[in-house]
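Visitor: So here's entry19.pdb, just PDB, C-alpha atoms:
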MODEL        1
ATOM      1  CA  MET A 217      19.510 -36.347   5.587  1.00  0.00           C
ATOM      2  CA  SER A 218      20.867 -33.512   7.699  1.00  0.00           C
ATOM      3  CA  GLN A 219      18.756 -30.510   8.601  1.00  0.00           C
ATOM      4  CA  ARG A 220      20.138 -27.152   7.459  1.00  0.00           C
ATOM      5  CA  VAL A 221      20.452 -24.583  10.243  1.00  0.00           C
ATOM      6  CA  ALA A 222      18.638 -21.323   9.460  1.00  0.00           C
ATOM      7  CA  ASN A 223      20.568 -18.088   9.820  1.00  0.00           C
ATOM      8  CA  LEU A 224      19.176 -15.136  11.789  1.00  0.00           C
ATOM      9  CA  PRO A 225      17.710 -13.259   8.797  1.00  0.00           C
ATOM     10  CA  GLN A 226      15.806 -16.417   7.823  1.00  0.00           C
ATOM     11  CA  LEU A 227      14.568 -16.849  11.386  1.00  0.00           C
ATOM     12  CA  PHE A 228      13.469 -13.188  11.522  1.00  0.00           C
ATOM     13  CA  ALA A 229      11.578 -13.604   8.249  1.00  0.00           C
ATOM     14  CA  GLU A 230       9.871 -16.810   9.416  1.00  0.00           C
ATOM     15  CA  SER A 231       8.917 -15.183  12.725  1.00  0.00           C
ATOM     16  CA  ARG A 232       7.486 -12.135  10.968  1.00  0.00           C
ATOM     17  CA  ARG A 233       5.526 -14.416   8.634  1.00  0.00           C
ATOM     18  CA  TRP A 234       4.125 -16.275  11.687  1.00  0.00           C
ATOM     19  CA  PHE A 235       2.872 -12.997  13.178  1.00  0.00           C
ATOM     20  CA  GLU A 236       1.511 -11.702   9.882  1.00  0.00           C
ATOM     21  CA  ASP A 237      -0.273 -14.968   9.088  1.00  0.00           C
ATOM     22  CA  ALA A 238      -1.917 -14.894  12.511  1.00  0.00           C
ATOM     23  CA  LEU A 239      -2.795 -11.199  12.283  1.00  0.00           C
ATOM     24  CA  PHE A 240      -4.154 -11.237   8.731  1.00  0.00           C
ATOM     25  CA  ALA A 241      -6.180 -14.430   9.246  1.00  0.00           C
ATOM     26  CA  SER A 242      -7.594 -13.137  12.537  1.00  0.00           C
ATOM     27  CA  MET A 243      -8.538  -9.775  11.054  1.00  0.00           C
ATOM     28  CA  GLU A 244     -10.208 -11.375   8.031  1.00  0.00           C
ATOM     29  CA  ALA A 245     -12.076 -13.803  10.307  1.00  0.00           C
ATOM     30  CA  ALA A 246     -13.328 -10.752  12.220  1.00  0.00           C
ATOM     31  CA  GLY A 247     -14.717  -9.328   8.961  1.00  0.00           C
ATOM     32  CA  GLU A 248     -12.000  -6.790   8.167  1.00  0.00           C
ATOM     33  CA  GLN A 249     -10.798  -6.116   4.616  1.00  0.00           C
ATOM     34  CA  PRO A 250      -7.723  -8.154   3.684  1.00  0.00           C
ATOM     35  CA  VAL A 251      -4.457  -6.220   3.442  1.00  0.00           C
ATOM     36  CA  THR A 252      -0.978  -7.099   2.230  1.00  0.00           C
ATOM     37  CA  SER A 253       2.187  -7.080   4.284  1.00  0.00           C
ATOM     38  CA  THR A 254       3.304  -3.847   2.600  1.00  0.00           C
ATOM     39  CA  GLN A 255      -0.058  -2.210   3.275  1.00  0.00           C
ATOM     40  CA  ALA A 256       0.219  -3.178   6.944  1.00  0.00           C
ATOM     41  CA  SER A 257       3.741  -1.724   7.017  1.00  0.00           C
ATOM     42  CA  VAL A 258       2.359   1.642   5.933  1.00  0.00           C
ATOM     43  CA  PHE A 259       0.108   1.775   9.002  1.00  0.00           C
ATOM     44  CA  ALA A 260       2.995   0.900  11.295  1.00  0.00           C
ATOM     45  CA  ARG A 261       5.042   3.819   9.988  1.00  0.00           C
ATOM     46  CA  LEU A 262       2.496   6.627   9.629  1.00  0.00           C
ATOM     47  CA  ASP A 263       2.880   9.677  11.841  1.00  0.00           C
ATOM     48  CA  PRO A 264      -0.390  10.728  13.548  1.00  0.00           C
ATOM     49  CA  GLU A 265      -0.338  14.128  11.792  1.00  0.00           C
ATOM     50  CA  GLY A 266       0.411  12.507   8.428  1.00  0.00           C
ATOM     51  CA  THR A 267       3.428  11.427   6.406  1.00  0.00           C
ATOM     52  CA  THR A 268       4.487  12.091   2.827  1.00  0.00           C
ATOM     53  CA  VAL A 269       4.578   9.221   0.338  1.00  0.00           C
ATOM     54  CA  SER A 270       8.325   9.778  -0.116  1.00  0.00           C
ATOM     55  CA  GLU A 271       8.932   9.411   3.614  1.00  0.00           C
ATOM     56  CA  LEU A 272       6.729   6.302   3.770  1.00  0.00           C
ATOM     57  CA  ALA A 273       8.728   4.782   0.903  1.00  0.00           C
ATOM     58  CA  ARG A 274      11.951   5.422   2.809  1.00  0.00           C
ATOM     59  CA  ARG A 275      10.574   3.994   6.049  1.00  0.00           C
ATOM     60  CA  ILE A 276       9.263   0.773   4.523  1.00  0.00           C
ATOM     61  CA  GLY A 277      12.189   0.334   2.142  1.00  0.00           C
ATOM     62  CA  VAL A 278      10.364   0.460  -1.183  1.00  0.00           C
ATOM     63  CA  THR A 279      10.401   2.776  -4.179  1.00  0.00           C
ATOM     64  CA  ARG A 280       8.292   5.916  -4.151  1.00  0.00           C
ATOM     65  CA  GLN A 281       6.189   4.430  -6.959  1.00  0.00           C
ATOM     66  CA  THR A 282       5.482   1.289  -4.921  1.00  0.00           C
ATOM     67  CA  ALA A 283       4.592   3.352  -1.850  1.00  0.00           C
ATOM     68  CA  HIS A 284       2.310   5.503  -4.009  1.00  0.00           C
ATOM     69  CA  GLN A 285       0.497   2.392  -5.298  1.00  0.00           C
ATOM     70  CA  VAL A 286       0.122   0.954  -1.794  1.00  0.00           C
ATOM     71  CA  VAL A 287      -1.154   4.245  -0.382  1.00  0.00           C
ATOM     72  CA  HIS A 288      -3.697   4.691  -3.163  1.00  0.00           C
ATOM     73  CA  ALA A 289      -4.974   1.152  -2.667  1.00  0.00           C
ATOM     74  CA  LEU A 290      -5.504   1.965   1.027  1.00  0.00           C
ATOM     75  CA  ILE A 291      -7.188   5.249   0.096  1.00  0.00           C
ATOM     76  CA  GLY A 292      -9.511   3.245  -2.156  1.00  0.00           C
ATOM     77  CA  MET A 293     -10.315   0.982   0.797  1.00  0.00           C
ATOM     78  CA  GLY A 294     -11.253   4.027   2.873  1.00  0.00           C
ATOM     79  CA  LEU A 295      -8.421   3.495   5.360  1.00  0.00           C
ATOM     80  CA  LEU A 296      -6.186   6.433   4.402  1.00  0.00           C
ATOM     81  CA  GLU A 297      -6.706   9.939   3.060  1.00  0.00           C
ATOM     82  CA  GLN A 298      -4.612  12.698   1.516  1.00  0.00           C
ATOM     83  CA  ILE A 299      -4.468  16.140   3.110  1.00  0.00           C
ATOM     84  CA  PRO A 300      -2.467  19.276   2.287  1.00  0.00           C
ATOM     85  CA  ASP A 301       0.667  19.704   4.384  1.00  0.00           C
ATOM     86  CA  PRO A 302       0.122  22.833   6.520  1.00  0.00           C
ATOM     87  CA  GLY A 303       3.879  23.471   6.444  1.00  0.00           C
ATOM     88  CA  SER A 304       4.304  23.321   2.671  1.00  0.00           C
ATOM     89  CA  ALA A 305       1.845  24.122  -0.100  1.00  0.00           C
ATOM     90  CA  ARG A 306       3.667  21.697  -2.404  1.00  0.00           C
ATOM     91  CA  ARG A 307       3.440  18.592  -0.209  1.00  0.00           C
ATOM     92  CA  ILE A 308       0.595  16.186   0.451  1.00  0.00           C
ATOM     93  CA  LEU A 309       0.377  14.180   3.673  1.00  0.00           C
ATOM     94  CA  ILE A 310      -1.115  10.733   4.053  1.00  0.00           C
ATOM     95  CA  ARG A 311      -2.981   9.948   7.266  1.00  0.00           C
ATOM     96  CA  THR A 312      -5.494   7.455   8.562  1.00  0.00           C
ATOM     97  CA  THR A 313      -9.210   8.012   8.254  1.00  0.00           C
ATOM     98  CA  ALA A 314     -11.531   7.315  11.185  1.00  0.00           C
ATOM     99  CA  GLU A 315     -12.125   3.866   9.660  1.00  0.00           C
ATOM    100  CA  GLY A 316      -8.382   3.349   9.246  1.00  0.00           C
ATOM    101  CA  LEU A 317      -7.827   4.276  12.886  1.00  0.00           C
ATOM    102  CA  ARG A 318     -10.525   1.809  13.974  1.00  0.00           C
ATOM    103  CA  VAL A 319      -8.936  -0.986  11.936  1.00  0.00           C
ATOM    104  CA  HIS A 320      -5.441  -0.087  13.165  1.00  0.00           C
ATOM    105  CA  GLU A 321      -6.577  -0.152  16.808  1.00  0.00           C
ATOM    106  CA  ARG A 322      -8.237  -3.526  16.241  1.00  0.00           C
ATOM    107  CA  ALA A 323      -5.041  -4.827  14.659  1.00  0.00           C
ATOM    108  CA  GLN A 324      -3.005  -3.609  17.653  1.00  0.00           C
ATOM    109  CA  ALA A 325      -5.390  -5.377  20.040  1.00  0.00           C
ATOM    110  CA  THR A 326      -5.144  -8.524  17.907  1.00  0.00           C
ATOM    111  CA  ILE A 327      -1.339  -8.364  17.983  1.00  0.00           C
ATOM    112  CA  ALA A 328      -1.469  -8.170  21.797  1.00  0.00           C
ATOM    113  CA  VAL A 329      -3.514 -11.385  21.861  1.00  0.00           C
ATOM    114  CA  ILE A 330      -1.116 -13.073  19.413  1.00  0.00           C
ATOM    115  CA  GLU A 331       1.799 -12.027  21.633  1.00  0.00           C
ATOM    116  CA  SER A 332       0.034 -13.600  24.635  1.00  0.00           C
ATOM    117  CA  VAL A 333      -0.373 -16.840  22.645  1.00  0.00           C
ATOM    118  CA  LEU A 334       3.347 -16.748  21.917  1.00  0.00           C
ATOM    119  CA  ALA A 335       4.073 -16.189  25.620  1.00  0.00           C
ATOM    120  CA  ASP A 336       1.919 -19.228  26.435  1.00  0.00           C
ATOM    121  CA  ARG A 337       3.918 -21.282  23.932  1.00  0.00           C
ATOM    122  CA  ILE A 338       7.517 -20.201  24.629  1.00  0.00           C
ATOM    123  CA  GLY A 339       7.170 -18.531  28.024  1.00  0.00           C
ATOM    124  CA  PRO A 340       6.730 -14.919  29.122  1.00  0.00           C
ATOM    125  CA  SER A 341      10.422 -14.528  29.989  1.00  0.00           C
ATOM    126  CA  ALA A 342      11.452 -15.674  26.501  1.00  0.00           C
ATOM    127  CA  VAL A 343       9.065 -13.155  24.919  1.00  0.00           C
ATOM    128  CA  GLU A 344      10.397 -10.360  27.150  1.00  0.00           C
ATOM    129  CA  ALA A 345      14.011 -11.315  26.353  1.00  0.00           C
ATOM    130  CA  LEU A 346      13.165 -11.329  22.664  1.00  0.00           C
ATOM    131  CA  ARG A 347      11.501  -7.899  22.940  1.00  0.00           C
ATOM    132  CA  GLN A 348      14.525  -6.444  24.792  1.00  0.00           C
ATOM    133  CA  THR A 349      16.976  -7.948  22.315  1.00  0.00           C
ATOM    134  CA  LEU A 350      15.105  -6.636  19.286  1.00  0.00           C
ATOM    135  CA  ALA A 351      14.599  -3.200  20.873  1.00  0.00           C
ATOM    136  CA  ALA A 352      18.297  -2.834  21.776  1.00  0.00           C
ATOM    137  CA  ASP A 353      20.412  -0.376  19.806  1.00  0.00           C
ATOM    138  CA  TRP A 354      22.398  -2.544  17.403  1.00  0.00           C
ATOM    139  CA  GLY A 355      24.294   0.441  16.006  1.00  0.00           C
ATOM    140  CA  GLU A 356      24.931   1.097  12.336  1.00  0.00           C
ATOM    141  CA  SER A 357      24.766  -1.841   9.934  1.00  0.00           C
ATOM    142  CA  PRO A 358      28.285  -3.215   9.585  1.00  0.00           C
ATOM    143  CA  ARG A 359      30.126  -3.449   6.271  1.00  0.00           C
ATOM    144  CA  VAL A 360      32.063  -6.692   6.387  1.00  0.00           C
ATOM    145  CA  THR A 361      34.072  -8.891   4.067  1.00  0.00           C
ATOM    146  CA  ALA A 362      33.428 -12.607   4.280  1.00  0.00           C
ATOM    147  CA  PRO A 363      36.546 -14.819   4.381  1.00  0.00           C
TER     148      PRO A 363
ENDMDL
END
Could you write out this structure as structure tokens?
Guide:
Amino acid sequence: MSQRVANLPQLFAESRRWFEDALFASMEAAGEQPVTSTQASVFARLDPEGTTVSELARRIGVTRQTAHQVVHALIGMGLLEQIPDPGSARRILIRTTAEGLRVHERAQATIAVIESVLADRIGPSAVEALRQTLAADWGESPRVTAP
């Protein structure tokens, strides 16, 4: 039986899952509340001064309703809060609470350790090359026609 070769999007997804599995399991083992991948994505895309739910939805690629549900679950966990937008009386901003900031900083420290484990496994130069490749400007998404 021949082995099917994974394409890049599949490899990206598997790599992300590897990181998330390690992060979520490590955080839960440390006694933190479990979060979903989408909930974690919210933290990665919040501005320090706060972000609207609509902007969060755009940044994480979900509907506004989904972002609203995710945000309110995190508010219920005590990790996020709603505040009035000082620039607009009609808008509400979402930002981290002190507890949310503590958890986010712990997650960032955990990710650094996971990255060091990866460097031990595939080599520091491979990790640095991967980081540079992923951080490069790939330009606009192409619109192509397959043959």
Visitor: Where does segment 305-362 of chain A meet segment 246-264 of chain A within 8 Å, residue by residue, with the nearest atom pair and distance in Å to one decimal for each, counting only C-alpha atoms, listed by chain and rising number, as JSON lines?
Guide:
{"residue": "A:Ile310", "atom": "CA", "partner": "A:Leu262", "partner_atom": "CA", "distance": 7.8}
{"residue": "A:Arg311", "atom": "CA", "partner": "A:Leu262", "partner_atom": "CA", "distance": 6.8}
{"residue": "A:Thr312", "atom": "CA", "partner": "A:Pro264", "partner_atom": "CA", "distance": 7.9}
{"residue": "A:Val319", "atom": "CA", "partner": "A:Glu248", "partner_atom": "CA", "distance": 7.6}
{"residue": "A:His320", "atom": "CA", "partner": "A:Phe259", "partner_atom": "CA", "distance": 7.2}
Visitor: Write out, as a Markdown table, each residue of segment 231-302 of chain A that has an atom at most 12 Å from segment 327-337 of chain A, together with the closest pair of atoms and their distance in Å to one decimal, counting all atoms listed in the file, rows going by chain and rising number.
Guide:
| residue | atom | partner | partner_atom | distance |
| --- | --- | --- | --- | --- |
| A:Ser231 | CA | A:Leu334 | CA | 10.9 |
| A:Arg232 | CA | A:Ile327 | CA | 11.9 |
| A:Trp234 | CA | A:Ile330 | CA | 9.9 |
| A:Phe235 | CA | A:Ile330 | CA | 7.4 |
| A:Glu236 | CA | A:Ile327 | CA | 9.2 |
| A:Asp237 | CA | A:Ile330 | CA | 10.5 |
| A:Ala238 | CA | A:Ile330 | CA | 7.2 |
| A:Leu239 | CA | A:Ile327 | CA | 6.5 |
| A:Phe240 | CA | A:Ile327 | CA | 10.1 |
| A:Ala241 | CA | A:Ile330 | CA | 11.4 |
| A:Ser242 | CA | A:Ile330 | CA | 9.4 |
| A:Met243 | CA | A:Ile327 | CA | 10.1 |
Visitor: Using Å and a single decimal, report how far atom CA of Glu297 of chain A sits from atom CA of Arg322 of chain A.
Guide: 18.9 Å
Visitor: Using all atoms listed in the file for the distances, tell me which of A:Thr326, A:Glu321, A:Ala229, A:Leu296 is nearest to Ala245 of chain A.
Guide: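 Closest candidate: A:Thr326.
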Visitor: Calculate how many Å separate atom CA of Ala314 of chain A from atom CA of Leu295 of chain A, rounding to one decimal.
Guide: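 We find that atom CA of Ala314 of chain A and atom CA of Leu295 of chain A lie 7.6 Å from each other.
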Visitor: For Thr267 of chain A, which residue among A:Glu244, A:Thr279, A:Leu309, A:Ile299 is the nearest when counting only C-alpha atoms?
Guide: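 Of A:Glu244, A:Thr279, A:Leu309, A:Ile299, the one nearest Thr267 of chain A is A:Leu309, counting only C-alpha atoms.
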Visitor: In Å, rounded to a single decimal, give me how far atom CA of Thr313 of chain A is from atom CA of Leu272 of chain A.
Guide: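 Rounded to one decimal, the two atoms are 16.6 Å apart.
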Visitor: Given the PyMOL selection byres ((chain A and resi 308) around 12) and the file above, list the residues it selects as a list in words.
Guide: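 Checking the PyMOL selection byres ((chain A and resi 308) around 12) against this file, the residues are Glu265, Gly266, Thr267, Thr268, Val269, Ser270, Glu271, His284, Glu297, Gln298, Ile299, Pro300, Asp301, Pro302, Gly303, Ser304, Ala305, Arg306, Arg307, Leu309, Ile310 and Arg311 of chain A.
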Visitor: Please determine, counting all atoms listed in the file, which residue among A:Ile338, A:Ala273, A:Val221, A:Glu315 has the shortest atom-to-atom distance to Met293 of chain A.
Guide: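 Looking only at the distances to Met293 of chain A, the closest residue turns out to be A:Glu315.
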Visitor: Reconstruct segment 324-335 of chain A at the level of all heavy atoms, and format the result as an mmCIF file, keeping the file's coordinate frame.
Guide:
data_model
loop_
_atom_site.group_PDB
_atom_site.id
_atom_site.type_symbol
_atom_site.label_atom_id
_atom_site.label_comp_id
_atom_site.auth_asym_id
_atom_site.auth_seq_id
_atom_site.Cartn_x
_atom_site.Cartn_y
_atom_site.Cartn_z
ATOM 1 N N GLN A 324 -3.889 -3.680 16.488
ATOM 2 C CA GLN A 324 -3.005 -3.609 17.653
ATOM 3 C C GLN A 324 -3.505 -4.506 18.783
ATOM 4 O O GLN A 324 -2.719 -5.183 19.444
ATOM 5 C CB GLN A 324 -2.857 -2.162 18.130
ATOM 6 C CG GLN A 324 -2.127 -1.259 17.146
ATOM 7 C CD GLN A 324 -0.750 -1.780 16.800
ATOM 8 O OE1 GLN A 324 0.067 -2.064 17.668
ATOM 9 N NE2 GLN A 324 -0.484 -1.936 15.520
ATOM 10 N N ALA A 325 -4.809 -4.511 19.008
ATOM 11 C CA ALA A 325 -5.390 -5.377 20.040
ATOM 12 C C ALA A 325 -5.208 -6.851 19.664
ATOM 13 O O ALA A 325 -4.920 -7.694 20.530
ATOM 14 C CB ALA A 325 -6.870 -5.048 20.237
ATOM 15 N N THR A 326 -5.336 -7.147 18.381
ATOM 16 C CA THR A 326 -5.144 -8.524 17.907
ATOM 17 C C THR A 326 -3.693 -8.949 18.086
ATOM 18 O O THR A 326 -3.417 -10.077 18.523
ATOM 19 C CB THR A 326 -5.580 -8.642 16.429
ATOM 20 O OG1 THR A 326 -6.948 -8.243 16.318
ATOM 21 C CG2 THR A 326 -5.414 -10.061 15.902
ATOM 22 N N ILE A 327 -2.758 -8.056 17.788
ATOM 23 C CA ILE A 327 -1.339 -8.364 17.983
ATOM 24 C C ILE A 327 -1.051 -8.665 19.451
ATOM 25 O O ILE A 327 -0.290 -9.580 19.772
ATOM 26 C CB ILE A 327 -0.449 -7.220 17.452
ATOM 27 C CG1 ILE A 327 -0.504 -7.195 15.925
ATOM 28 C CG2 ILE A 327 0.993 -7.350 17.952
ATOM 29 C CD1 ILE A 327 0.120 -5.957 15.306
ATOM 30 N N ALA A 328 -1.674 -7.919 20.362
ATOM 31 C CA ALA A 328 -1.469 -8.170 21.797
ATOM 32 C C ALA A 328 -1.926 -9.583 22.164
ATOM 33 O O ALA A 328 -1.255 -10.275 22.945
ATOM 34 C CB ALA A 328 -2.210 -7.120 22.625
ATOM 35 N N VAL A 329 -3.033 -10.024 21.590
ATOM 36 C CA VAL A 329 -3.514 -11.385 21.861
ATOM 37 C C VAL A 329 -2.548 -12.414 21.263
ATOM 38 O O VAL A 329 -2.225 -13.423 21.900
ATOM 39 C CB VAL A 329 -4.951 -11.584 21.331
ATOM 40 C CG1 VAL A 329 -5.389 -13.031 21.475
ATOM 41 C CG2 VAL A 329 -5.924 -10.653 22.045
ATOM 42 N N ILE A 330 -2.071 -12.161 20.048
ATOM 43 C CA ILE A 330 -1.116 -13.073 19.413
ATOM 44 C C ILE A 330 0.162 -13.154 20.248
ATOM 45 O O ILE A 330 0.717 -14.242 20.440
ATOM 46 C CB ILE A 330 -0.824 -12.630 17.963
ATOM 47 C CG1 ILE A 330 -2.089 -12.741 17.105
ATOM 48 C CG2 ILE A 330 0.317 -13.450 17.355
ATOM 49 C CD1 ILE A 330 -1.998 -12.027 15.767
ATOM 50 N N GLU A 331 0.618 -12.021 20.770
ATOM 51 C CA GLU A 331 1.799 -12.027 21.633
ATOM 52 C C GLU A 331 1.550 -12.850 22.895
ATOM 53 O O GLU A 331 2.448 -13.545 23.370
ATOM 54 C CB GLU A 331 2.213 -10.606 21.995
ATOM 55 C CG GLU A 331 2.852 -9.850 20.851
ATOM 56 C CD GLU A 331 3.289 -8.444 21.230
ATOM 57 O OE1 GLU A 331 3.233 -8.082 22.427
ATOM 58 O OE2 GLU A 331 3.687 -7.701 20.315
ATOM 59 N N SER A 332 0.335 -12.795 23.437
ATOM 60 C CA SER A 332 0.034 -13.600 24.635
ATOM 61 C C SER A 332 0.016 -15.096 24.295
ATOM 62 O O SER A 332 0.429 -15.918 25.114
ATOM 63 C CB SER A 332 -1.271 -13.160 25.290
ATOM 64 O OG SER A 332 -2.388 -13.548 24.526
ATOM 65 N N VAL A 333 -0.432 -15.439 23.089
ATOM 66 C CA VAL A 333 -0.373 -16.840 22.645
ATOM 67 C C VAL A 333 1.083 -17.282 22.552
ATOM 68 O O VAL A 333 1.445 -18.376 22.999
ATOM 69 C CB VAL A 333 -1.100 -17.028 21.286
ATOM 70 C CG1 VAL A 333 -0.813 -18.398 20.688
ATOM 71 C CG2 VAL A 333 -2.599 -16.810 21.444
ATOM 72 N N LEU A 334 1.930 -16.420 21.997
ATOM 73 C CA LEU A 334 3.347 -16.748 21.917
ATOM 74 C C LEU A 334 3.945 -16.933 23.306
ATOM 75 O O LEU A 334 4.706 -17.870 23.547
ATOM 76 C CB LEU A 334 4.102 -15.657 21.150
ATOM 77 C CG LEU A 334 5.598 -15.903 20.951
ATOM 78 C CD1 LEU A 334 5.841 -17.175 20.141
ATOM 79 C CD2 LEU A 334 6.241 -14.693 20.287
ATOM 80 N N ALA A 335 3.574 -16.065 24.242
ATOM 81 C CA ALA A 335 4.073 -16.189 25.620
ATOM 82 C C ALA A 335 3.620 -17.510 26.244
ATOM 83 O O ALA A 335 4.378 -18.143 26.983
ATOM 84 C CB ALA A 335 3.607 -15.005 26.460
#
